[in-house]
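Printed here is my_file_28.cif (mmCIF, C-alpha atoms):
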```cif
data_input
loop_
_atom_site.label_atom_id
_atom_site.label_comp_id
_atom_site.auth_asym_id
_atom_site.auth_seq_id
_atom_site.Cartn_x
_atom_site.Cartn_y
_atom_site.Cartn_z
CA MET A 1 -39.32 16.49 -34.82
CA LYS A 2 -38.50 16.19 -38.52
CA TRP A 3 -35.76 18.84 -38.23
CA PHE A 4 -34.31 17.05 -35.24
CA LEU A 5 -34.12 13.80 -37.22
CA TYR A 6 -32.43 15.66 -40.09
CA PHE A 7 -29.93 17.07 -37.60
CA LEU A 8 -29.17 13.62 -36.16
CA PHE A 9 -28.73 12.18 -39.63
CA ALA A 10 -26.44 15.03 -40.70
CA PHE A 11 -24.37 14.65 -37.50
CA PHE A 12 -24.07 10.90 -38.06
CA ILE A 13 -22.78 11.43 -41.62
CA PHE A 14 -20.39 14.12 -40.38
CA PHE A 15 -19.10 11.81 -37.64
CA LEU A 16 -18.75 8.84 -40.00
CA ILE A 17 -16.78 10.79 -42.60
CA ASN A 18 -14.36 12.27 -40.05
CA PHE A 19 -14.02 9.03 -38.07
CA ASN A 20 -13.16 7.09 -41.24
CA LYS A 21 -10.74 9.80 -42.26
CA SER A 22 -8.97 9.63 -38.88
CA ARG A 23 -8.95 5.85 -38.79
CA SER A 24 -7.62 5.57 -42.34
CA PHE A 25 -4.70 7.86 -41.49
CA ILE A 26 -3.91 6.05 -38.24
CA HIS A 27 -4.28 2.63 -39.86
CA ARG A 28 -1.72 3.51 -42.55
CA GLU A 29 0.73 4.83 -39.95
CA LEU A 30 0.56 1.85 -37.62
CA ASN A 31 0.01 -1.19 -39.82
CA LEU A 32 3.47 -1.50 -41.29
CA HIS A 33 6.91 -2.95 -40.64
CA PRO A 34 9.57 -0.22 -40.86
CA SER A 35 12.83 -1.43 -42.35
CA GLN A 36 16.12 -1.15 -40.50
CA ILE A 37 17.73 2.23 -40.96
CA GLU A 38 21.13 2.11 -42.65
CA SER A 39 24.13 2.81 -40.46
CA ASP A 40 27.70 3.87 -41.18
CA SER A 41 28.70 3.30 -37.55
CA PRO A 42 31.86 1.16 -37.21
CA LEU A 43 30.01 -0.71 -34.45
CA PHE A 44 27.56 -2.09 -37.00
CA SER A 45 30.17 -4.58 -38.26
CA LEU A 46 31.29 -5.55 -34.75
CA THR A 47 28.09 -7.17 -33.58
CA GLU A 48 25.54 -9.70 -34.74
CA THR A 49 21.82 -9.83 -34.18
CA GLU A 50 20.47 -11.99 -31.37
CA TYR A 51 16.87 -12.67 -30.39
CA VAL A 52 14.57 -13.02 -27.41
CA PHE A 53 10.85 -13.83 -27.46
CA ASN A 54 8.29 -11.42 -26.08
CA SER A 55 5.08 -12.41 -24.28
CA ASP A 56 3.24 -12.50 -27.63
CA ASN A 57 5.75 -15.11 -28.86
CA GLN A 58 7.34 -12.69 -31.33
CA LYS A 59 11.06 -12.70 -32.00
CA ILE A 60 12.61 -9.45 -30.77
CA ALA A 61 16.00 -8.63 -32.28
CA TYR A 62 18.78 -6.97 -30.27
CA TYR A 63 22.48 -6.09 -30.25
CA SER A 64 24.71 -6.30 -27.19
CA PHE A 65 27.80 -4.23 -26.34
CA PRO A 66 28.94 -5.41 -22.90
CA VAL A 67 31.98 -4.09 -21.01
CA ARG A 68 34.02 -5.74 -18.27
CA LYS A 69 32.96 -4.75 -14.76
CA PRO A 70 30.16 -2.40 -15.84
CA LYS A 71 28.96 0.39 -13.59
CA ALA A 72 25.42 -0.42 -14.79
CA VAL A 73 23.55 -1.74 -17.83
CA VAL A 74 21.65 0.56 -20.22
CA ILE A 75 18.92 -0.74 -22.55
CA LEU A 76 18.39 1.66 -25.46
CA ALA A 77 14.83 2.04 -26.78
CA HIS A 78 14.35 3.70 -30.17
CA ASP A 79 11.57 5.97 -31.37
CA TYR A 80 8.99 5.61 -34.16
CA SER A 81 10.49 6.36 -37.56
CA ASN A 82 10.45 4.65 -40.92
CA PRO A 83 13.06 3.35 -41.57
CA GLY A 84 14.13 2.98 -37.97
CA GLY A 85 15.00 0.45 -35.31
CA LYS A 86 18.03 -0.36 -33.20
CA ASN A 87 20.57 1.02 -35.68
CA GLN A 88 19.33 4.49 -34.74
CA MET A 89 20.80 3.92 -31.28
CA LEU A 90 24.32 2.91 -32.28
CA SER A 91 25.60 6.47 -31.88
CA HIS A 92 24.94 6.21 -28.13
CA VAL A 93 27.00 3.08 -27.60
CA ALA A 94 30.51 4.59 -27.72
CA TYR A 95 30.13 7.22 -25.00
CA LEU A 96 28.25 4.78 -22.74
CA ASN A 97 30.83 2.01 -23.22
CA GLU A 98 33.68 4.46 -22.67
CA ALA A 99 32.06 5.44 -19.37
CA SER A 100 31.92 1.71 -18.41
CA TYR A 101 28.25 1.00 -19.08
CA SER A 102 27.16 -2.17 -20.87
CA VAL A 103 24.62 -1.46 -23.60
CA TYR A 104 21.83 -3.42 -25.27
CA LEU A 105 19.74 -2.18 -28.22
CA LEU A 106 16.51 -3.75 -29.47
CA ASP A 107 14.19 -3.56 -32.44
CA PHE A 108 10.69 -3.13 -31.07
CA ARG A 109 8.05 -5.45 -32.52
CA SER A 110 7.35 -4.62 -36.17
CA PHE A 111 10.69 -2.84 -36.62
CA GLY A 112 13.82 -3.97 -38.39
CA GLU A 113 14.68 -7.60 -37.68
CA SER A 114 11.90 -8.20 -35.14
CA ASP A 115 8.59 -9.93 -35.87
CA GLY A 116 5.33 -8.07 -36.27
CA GLN A 117 3.35 -5.92 -38.67
CA LYS A 118 1.77 -3.39 -36.32
CA ILE A 119 3.06 -0.55 -34.14
CA TYR A 120 1.35 0.17 -30.82
CA LEU A 121 3.13 3.41 -29.83
CA GLY A 122 4.19 2.08 -26.43
CA SER A 123 0.96 0.42 -25.31
CA LYS A 124 2.44 -3.02 -26.13
CA GLU A 125 6.11 -2.31 -26.83
CA TRP A 126 6.71 -2.17 -23.06
CA GLN A 127 6.43 -5.98 -23.15
CA ASP A 128 9.36 -6.14 -25.58
CA LEU A 129 11.47 -4.20 -23.09
CA GLU A 130 10.39 -6.50 -20.27
CA SER A 131 11.48 -9.56 -22.29
CA LEU A 132 14.91 -8.09 -23.02
CA TYR A 133 15.26 -6.95 -19.40
CA ASP A 134 14.49 -10.48 -18.16
CA TYR A 135 17.17 -11.93 -20.43
CA VAL A 136 19.79 -9.29 -19.65
CA SER A 137 19.23 -9.59 -15.90
CA SER A 138 19.68 -13.39 -16.11
CA LEU A 139 23.23 -13.11 -17.46
CA SER A 140 25.92 -13.80 -14.88
CA GLU A 141 27.97 -10.76 -15.92
CA ASN A 142 25.02 -8.47 -15.13
CA ARG A 143 24.04 -9.88 -11.78
CA GLY A 144 24.37 -7.35 -9.01
CA HIS A 145 24.40 -4.45 -11.48
CA LYS A 146 21.64 -1.92 -11.98
CA ILE A 147 19.76 -2.24 -15.26
CA GLY A 148 17.67 0.57 -16.72
CA TYR A 149 16.53 2.37 -19.84
CA LEU A 150 17.47 5.23 -22.12
CA GLY A 151 14.43 5.74 -24.35
CA PHE A 152 13.52 8.19 -27.09
CA SER A 153 9.96 9.37 -27.78
CA MET A 154 8.03 6.09 -28.27
CA GLY A 155 10.95 4.30 -26.62
CA ALA A 156 10.76 6.65 -23.63
CA VAL A 157 7.01 6.01 -23.38
CA SER A 158 7.61 2.24 -23.56
CA ALA A 159 10.27 2.44 -20.83
CA ILE A 160 7.99 4.38 -18.47
CA ASN A 161 5.12 1.98 -19.15
CA SER A 162 7.33 -1.08 -18.65
CA VAL A 163 8.83 -0.02 -15.32
CA ALA A 164 5.45 1.12 -14.03
CA LYS A 165 3.69 -2.08 -15.12
CA THR A 166 6.35 -4.60 -14.04
CA GLY A 167 8.52 -2.92 -11.41
CA LYS A 168 11.54 -4.13 -13.41
CA GLY A 169 14.23 -1.53 -14.05
CA ASP A 170 16.49 0.53 -11.81
CA PHE A 171 16.43 3.87 -13.64
CA ILE A 172 14.82 5.67 -16.59
CA ILE A 173 16.21 8.32 -18.93
CA ALA A 174 13.21 9.46 -20.98
CA SER A 175 13.89 11.80 -23.89
CA THR A 176 10.89 13.68 -25.36
CA PRO A 177 8.09 11.32 -24.28
CA TYR A 178 4.44 12.04 -25.04
CA ALA A 179 1.92 11.84 -22.21
CA SER A 180 -0.55 9.66 -24.10
CA ILE A 181 -1.29 8.45 -27.60
CA ASP A 182 -4.24 10.87 -27.72
CA SER A 183 -1.91 13.75 -26.90
CA PHE A 184 0.58 12.57 -29.53
CA TYR A 185 -2.04 12.63 -32.29
CA GLN A 186 -3.72 15.80 -31.07
CA PHE A 187 -0.39 17.61 -31.46
CA ARG A 188 0.65 15.81 -34.62
CA LEU A 189 -2.61 16.41 -36.46
CA ASN A 190 -3.08 19.88 -34.92
CA GLU A 191 -6.55 18.88 -33.78
CA ASN A 192 -8.60 20.51 -31.07
CA ILE A 193 -10.10 18.63 -28.09
CA PHE A 194 -13.48 18.28 -29.81
CA SER A 195 -11.87 16.64 -32.83
CA VAL A 196 -9.75 14.31 -30.72
CA PHE A 197 -12.65 13.22 -28.51
CA PHE A 198 -15.16 12.57 -31.30
CA PHE A 199 -12.93 11.32 -34.12
CA THR A 200 -9.31 10.51 -33.23
CA LYS A 201 -9.91 8.77 -29.90
CA PRO A 202 -12.58 6.39 -31.28
CA ALA A 203 -10.29 5.69 -34.25
CA LEU A 204 -7.37 4.91 -31.91
CA VAL A 205 -9.48 2.62 -29.73
CA THR A 206 -10.74 0.80 -32.83
CA GLU A 207 -7.21 0.44 -34.19
CA LEU A 208 -5.23 -0.23 -30.99
CA GLY A 209 -7.78 -1.45 -28.46
CA THR A 210 -8.78 -0.01 -25.09
CA ASP A 211 -5.32 -0.65 -23.59
CA SER A 212 -3.99 2.23 -25.68
CA GLN A 213 -6.07 4.55 -23.49
CA LYS A 214 -5.02 2.97 -20.18
CA ILE A 215 -1.36 2.06 -20.68
CA THR A 216 0.04 5.56 -21.02
CA PRO A 217 2.71 7.50 -19.13
CA GLU A 218 0.20 10.02 -17.78
CA ASN A 219 -1.73 7.16 -16.14
CA LEU A 220 1.28 5.13 -14.96
CA ILE A 221 4.21 7.42 -14.17
CA SER A 222 3.02 8.04 -10.61
CA LYS A 223 3.90 4.36 -9.94
CA ILE A 224 7.57 4.88 -10.82
CA GLU A 225 9.77 4.37 -7.77
CA VAL A 226 13.23 4.51 -9.35
CA PRO A 227 15.50 7.42 -10.34
CA ILE A 228 14.19 9.13 -13.48
CA ILE A 229 15.17 12.06 -15.67
CA ILE A 230 12.94 13.49 -18.39
CA PHE A 231 14.22 15.52 -21.34
CA SER A 232 12.00 18.00 -23.17
CA ALA A 233 12.77 19.72 -26.48
CA LYS A 234 11.76 23.38 -26.39
CA ASN A 235 11.18 23.55 -30.15
CA ASP A 236 9.74 20.05 -30.57
CA SER A 237 7.80 19.71 -33.83
CA HIS A 238 6.81 16.05 -33.29
CA VAL A 239 5.63 15.89 -29.67
CA ASN A 240 4.03 18.52 -27.44
CA SER A 241 6.98 19.75 -25.37
CA GLN A 242 4.60 20.43 -22.46
CA ASP A 243 3.93 16.69 -22.14
CA ALA A 244 7.37 16.05 -20.62
CA GLU A 245 6.82 18.71 -17.97
CA ARG A 246 3.36 17.32 -17.20
CA LEU A 247 4.86 13.87 -16.70
CA TYR A 248 7.60 15.23 -14.45
CA ASP A 249 4.96 16.89 -12.25
CA LEU A 250 3.12 13.55 -11.95
CA ILE A 251 6.16 11.70 -10.57
CA LYS A 252 5.70 10.93 -6.89
CA THR A 253 8.92 9.07 -6.13
CA ASN A 254 11.06 10.31 -3.23
CA LEU A 255 14.11 9.10 -5.12
CA GLN A 256 16.14 11.09 -7.63
CA LYS A 257 14.10 12.85 -10.30
CA GLU A 258 15.34 15.45 -12.76
CA PHE A 259 14.11 17.52 -15.69
CA TRP A 260 15.99 19.17 -18.55
CA GLN A 261 14.50 21.30 -21.31
CA ALA A 262 16.87 21.52 -24.27
CA ASP A 263 16.83 24.35 -26.79
CA SER A 264 16.36 22.01 -29.76
CA ASP A 265 13.88 20.14 -31.93
CA HIS A 266 12.65 16.61 -31.18
CA ASP A 267 16.01 14.84 -31.64
CA ILE A 268 18.00 16.53 -28.90
CA PHE A 269 21.05 14.32 -29.39
CA SER A 270 21.48 15.34 -33.03
CA THR A 271 21.31 19.04 -32.16
CA LEU A 272 23.16 19.08 -28.84
CA PRO A 273 25.20 15.86 -28.62
CA GLY A 274 27.64 17.15 -26.03
CA GLU A 275 24.96 18.47 -23.67
CA PHE A 276 22.87 15.35 -24.16
CA GLN A 277 25.78 13.06 -23.22
CA GLN A 278 26.63 15.24 -20.24
CA HIS A 279 23.11 15.01 -18.83
CA VAL A 280 22.92 11.25 -19.41
CA LEU A 281 26.30 10.49 -17.81
CA SER A 282 25.75 12.91 -14.93
CA PHE A 283 22.43 11.26 -14.14
CA LEU A 284 23.90 7.75 -14.37
CA ALA A 285 26.76 8.68 -12.07
CA LYS A 286 24.24 9.43 -9.29
CA ILE A 287 22.17 6.25 -9.40
#
```

Show this structure as structure tokens.
Amino acid sequence: MKWFLYFLFAFFIFFLINFNKSRSFIHRELNLHPSQIESDSPLFSLTETEYVFNSDNQKIAYYSFPVRKPKAVVILAHDYSNPGGKNQMLSHVAYLNEASYSVYLLDFRSFGESDGQKIYLGSKEWQDLESLYDYVSSLSENRGHKIGYLGFSMGAVSAINSVAKTGKGDFIIASTPYASIDSFYQFRLNENIFSVFFFTKPALVTELGTDSQKITPENLISKIEVPIIIFSAKNDSHVNSQDAERLYDLIKTNLQKEFWQADSDHDIFSTLPGEFQQHVLSFLAKI
């Protein structure tokens, strides 16, 4: 009995040390406000920041690049980087505008010019997309036009979550999404399942709440009923490249669905800009 009590005590200390270590790392990564990334894009001087309010009453900053008689409207959703935000997406505006698509870019909560001091890795950012979607769809110039998302990593996750949760959105282009926040950290920290289950998952729940375990693409993507394409990066060093394929297999829609695995690292557009644009525009032409 005494040895059993010693074992329990030793396990408790082991758990506490590793849990605190995981939580400390996650807390530092998520409790911050990344600054706006600098941009040398000529478009940067041609627009001004506007705002909508999300359901948590936070100001969400966005840019707009409308065209006359658009084929559709594309909302760009950035990934998690520091610095980061909507300026990361400016390089996608030109080819979309030239192809007659209106474009909107937002700073997720806690990024750039938006309010907030905490990042939720898609488990709450989907609400920011919903708020911008509601505003964009209310504009007279967008009525009757399809409105959807081009999202990157966390932005792709947020887009999938938003369409699945709200039913708002006519298409999704999801580049290098992760299947869940657990999967993201398991790959990022190179942890095994035991480590994730006993240390990382409790730390994530403590830091982000139980919704972070429920509001994930792997749980929600089967509800998607709009055209969707998922991009995977074969040599991805940030996200498990198998997650994108898993998500594709979970899609149940009878509508258009596509998958492309690029021979690149996480940022496919930087490595293969021509191929990336081709896949985006080809997909959009079919919706």

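As for CA of Phe283 in chain A and CA of Ala262 in chain A, they are spaced 15.5 Å apart.
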
Return as an MDAnalysis selection string the set of residues that the PyMOL selection byres ((chain A and resi 247-251) around 12) yields on the displayed structure. chainID A and resid 156:157 160 164 173:180 216:232 240:246 252:261

Can you pull out the residues contacting range 49-59 of chain A? Cut-off 9 Å, using only C-alpha atoms, and skip same-chain residues under 5 positions away; I want them as a tab-separated table (two decimals) with C-alpha atoms, in the frame of the given file.
```tsv
chain	number	residue	atom	x	y	z
A	64	SER	CA	24.71	-6.30	-27.19
A	106	LEU	CA	16.51	-3.75	-29.47
A	109	ARG	CA	8.05	-5.45	-32.52
A	113	GLU	CA	14.68	-7.60	-37.68
A	114	SER	CA	11.90	-8.20	-35.14
A	115	ASP	CA	8.59	-9.93	-35.87
A	116	GLY	CA	5.33	-8.07	-36.27
A	127	GLN	CA	6.43	-5.98	-23.15
A	128	ASP	CA	9.36	-6.14	-25.58
A	129	LEU	CA	11.47	-4.20	-23.09
A	130	GLU	CA	10.39	-6.50	-20.27
A	131	SER	CA	11.48	-9.56	-22.29
A	132	LEU	CA	14.91	-8.09	-23.02
A	135	TYR	CA	17.17	-11.93	-20.43
```

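One finds CA of Tyr133 in chain A at 22.2 Å from CA of Leu46 in chain A.
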
Of the listed residues A:Ser81, A:Gln186, A:Ser264, A:Thr200, that which approaches Phe25 in chain A most closely, counting only C-alpha atoms: A:Thr200

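Taking CA of Ser22 in chain A and CA of Ser183 in chain A as endpoints, the distance between them is 14.5 Å.
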
Mind listing as a ChimeraX atom specification all residues within 12 Å of (-6.9, 1.8, -27.5), counting only C-alpha atoms? /A:26,120-124,180-182,200-216

Axis-aligned box for range 217-220 of chain A, 4 Å per side, centre and edges in Å as JSON:
```
{"center_x": 0.5, "center_y": 7.6, "center_z": -17.0, "size_x": 12.4, "size_y": 12.9, "size_z": 12.2}
```

Could you tell me which residues the PyMOL selection byres ((chain A and resi 281) around 12) returns for this structure, as a PDB file with C-alpha atoms, in the frame of the given file?
```
ATOM      1  CA  LYS A  71      28.960   0.390 -13.590  1.00  0.00           C
ATOM      2  CA  ALA A  72      25.420  -0.420 -14.790  1.00  0.00           C
ATOM      3  CA  VAL A  74      21.650   0.560 -20.220  1.00  0.00           C
ATOM      4  CA  HIS A  92      24.940   6.210 -28.130  1.00  0.00           C
ATOM      5  CA  TYR A  95      30.130   7.220 -25.000  1.00  0.00           C
ATOM      6  CA  LEU A  96      28.250   4.780 -22.740  1.00  0.00           C
ATOM      7  CA  ASN A  97      30.830   2.010 -23.220  1.00  0.00           C
ATOM      8  CA  GLU A  98      33.680   4.460 -22.670  1.00  0.00           C
ATOM      9  CA  ALA A  99      32.060   5.440 -19.370  1.00  0.00           C
ATOM     10  CA  SER A 100      31.920   1.710 -18.410  1.00  0.00           C
ATOM     11  CA  TYR A 101      28.250   1.000 -19.080  1.00  0.00           C
ATOM     12  CA  LEU A 150      17.470   5.230 -22.120  1.00  0.00           C
ATOM     13  CA  ILE A 173      16.210   8.320 -18.930  1.00  0.00           C
ATOM     14  CA  ILE A 229      15.170  12.060 -15.670  1.00  0.00           C
ATOM     15  CA  GLY A 274      27.640  17.150 -26.030  1.00  0.00           C
ATOM     16  CA  GLU A 275      24.960  18.470 -23.670  1.00  0.00           C
ATOM     17  CA  PHE A 276      22.870  15.350 -24.160  1.00  0.00           C
ATOM     18  CA  GLN A 277      25.780  13.060 -23.220  1.00  0.00           C
ATOM     19  CA  GLN A 278      26.630  15.240 -20.240  1.00  0.00           C
ATOM     20  CA  HIS A 279      23.110  15.010 -18.830  1.00  0.00           C
ATOM     21  CA  VAL A 280      22.920  11.250 -19.410  1.00  0.00           C
ATOM     22  CA  SER A 282      25.750  12.910 -14.930  1.00  0.00           C
ATOM     23  CA  PHE A 283      22.430  11.260 -14.140  1.00  0.00           C
ATOM     24  CA  LEU A 284      23.900   7.750 -14.370  1.00  0.00           C
ATOM     25  CA  ALA A 285      26.760   8.680 -12.070  1.00  0.00           C
ATOM     26  CA  LYS A 286      24.240   9.430  -9.290  1.00  0.00           C
ATOM     27  CA  ILE A 287      22.170   6.250  -9.400  1.00  0.00           C
TER      28      ILE A 287
END
```

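Here the question is which of A:Ser102, A:Phe171, A:Asn31, A:Gly85 gets nearest to Ala159 in chain A using all atoms listed in the file, and that residue is A:Phe171.
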
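Within the file as shown, the PyMOL selection byres ((chain A and resi 39) around 12) identifies Gln36, Ile37, Glu38, Asp40, Ser41, Pro42, Leu43, Phe44, Ser45, Pro83, Gly84, Gly85, Lys86, Asn87, Gln88, Met89, Leu90 and Ser91 of chain A.
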
Tell me which of A:Arg23, A:Lys118, A:Lys234, A:Lys165 sits closest to His266 in chain A, counting only C-alpha atoms. A:Lys234

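If you measure from each of A:Arg143, A:His33, A:His27, A:Val103 to Tyr63 in chain A using all atoms listed in the file, the closest one turns out to be A:Val103.
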
Provide range 231-241 of chain A rebuilt to all heavy atoms, formatted as a tab-separated table (two decimals), in the frame of the given file.
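Contents of rebuild-v4.tsv, as written:
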```tsv
chain	number	residue	atom	x	y	z
A	231	PHE	N	13.73	14.45	-20.46
A	231	PHE	CA	14.22	15.52	-21.34
A	231	PHE	C	13.06	16.03	-22.18
A	231	PHE	O	12.26	15.25	-22.71
A	231	PHE	CB	15.29	15.00	-22.30
A	231	PHE	CG	16.55	14.49	-21.65
A	231	PHE	CD1	17.45	13.73	-22.38
A	231	PHE	CD2	16.84	14.76	-20.33
A	231	PHE	CE1	18.63	13.26	-21.81
A	231	PHE	CE2	18.00	14.29	-19.74
A	231	PHE	CZ	18.90	13.54	-20.47
A	232	SER	N	12.99	17.35	-22.31
A	232	SER	CA	12.00	18.00	-23.17
A	232	SER	C	12.73	18.84	-24.21
A	232	SER	O	13.78	19.42	-23.91
A	232	SER	CB	11.08	18.88	-22.33
A	232	SER	OG	10.27	19.70	-23.14
A	233	ALA	N	12.19	18.89	-25.42
A	233	ALA	CA	12.77	19.72	-26.48
A	233	ALA	C	11.92	20.97	-26.64
A	233	ALA	O	10.74	20.88	-27.00
A	233	ALA	CB	12.85	18.94	-27.79
A	234	LYS	N	12.51	22.12	-26.39
A	234	LYS	CA	11.76	23.38	-26.39
A	234	LYS	C	11.07	23.65	-27.71
A	234	LYS	O	9.96	24.19	-27.76
A	234	LYS	CB	12.73	24.52	-26.06
A	234	LYS	CG	12.09	25.89	-25.93
A	234	LYS	CD	13.13	26.94	-25.54
A	234	LYS	CE	12.52	28.31	-25.41
A	234	LYS	NZ	13.55	29.32	-25.05
A	235	ASN	N	11.73	23.27	-28.82
A	235	ASN	CA	11.18	23.55	-30.15
A	235	ASN	C	10.68	22.28	-30.84
A	235	ASN	O	10.75	22.16	-32.06
A	235	ASN	CB	12.28	24.21	-31.02
A	235	ASN	CG	12.89	25.41	-30.32
A	235	ASN	OD1	12.17	26.29	-29.85
A	235	ASN	ND2	14.21	25.45	-30.25
A	236	ASP	N	10.18	21.35	-30.05
A	236	ASP	CA	9.74	20.05	-30.57
A	236	ASP	C	8.62	20.21	-31.59
A	236	ASP	O	7.59	20.83	-31.30
A	236	ASP	CB	9.26	19.17	-29.42
A	236	ASP	CG	9.35	17.69	-29.73
A	236	ASP	OD1	9.06	17.31	-30.88
A	236	ASP	OD2	9.71	16.91	-28.83
A	237	SER	N	8.82	19.65	-32.78
A	237	SER	CA	7.80	19.71	-33.83
A	237	SER	C	7.08	18.38	-34.00
A	237	SER	O	6.20	18.26	-34.85
A	237	SER	CB	8.43	20.13	-35.16
A	237	SER	OG	9.46	19.22	-35.54
A	238	HIS	N	7.42	17.37	-33.19
A	238	HIS	CA	6.81	16.05	-33.29
A	238	HIS	C	5.93	15.71	-32.08
A	238	HIS	O	4.95	14.97	-32.22
A	238	HIS	CB	7.89	14.98	-33.43
A	238	HIS	CG	8.70	15.10	-34.69
A	238	HIS	ND1	8.30	14.54	-35.88
A	238	HIS	CD2	9.86	15.72	-34.95
A	238	HIS	CE1	9.19	14.81	-36.81
A	238	HIS	NE2	10.15	15.53	-36.28
A	239	VAL	N	6.32	16.19	-30.92
A	239	VAL	CA	5.63	15.89	-29.67
A	239	VAL	C	5.41	17.20	-28.92
A	239	VAL	O	6.27	18.08	-28.95
A	239	VAL	CB	6.46	14.91	-28.81
A	239	VAL	CG1	5.86	14.74	-27.42
A	239	VAL	CG2	6.58	13.55	-29.50
A	240	ASN	N	4.29	17.33	-28.24
A	240	ASN	CA	4.03	18.52	-27.44
A	240	ASN	C	5.07	18.61	-26.33
A	240	ASN	O	5.12	17.74	-25.44
A	240	ASN	CB	2.62	18.45	-26.85
A	240	ASN	CG	2.20	19.75	-26.20
A	240	ASN	OD1	3.02	20.55	-25.79
A	240	ASN	ND2	0.89	19.96	-26.12
A	241	SER	N	5.90	19.63	-26.35
A	241	SER	CA	6.98	19.75	-25.37
A	241	SER	C	6.44	19.89	-23.95
A	241	SER	O	7.16	19.60	-22.98
A	241	SER	CB	7.87	20.95	-25.71
A	241	SER	OG	7.13	22.16	-25.66
```
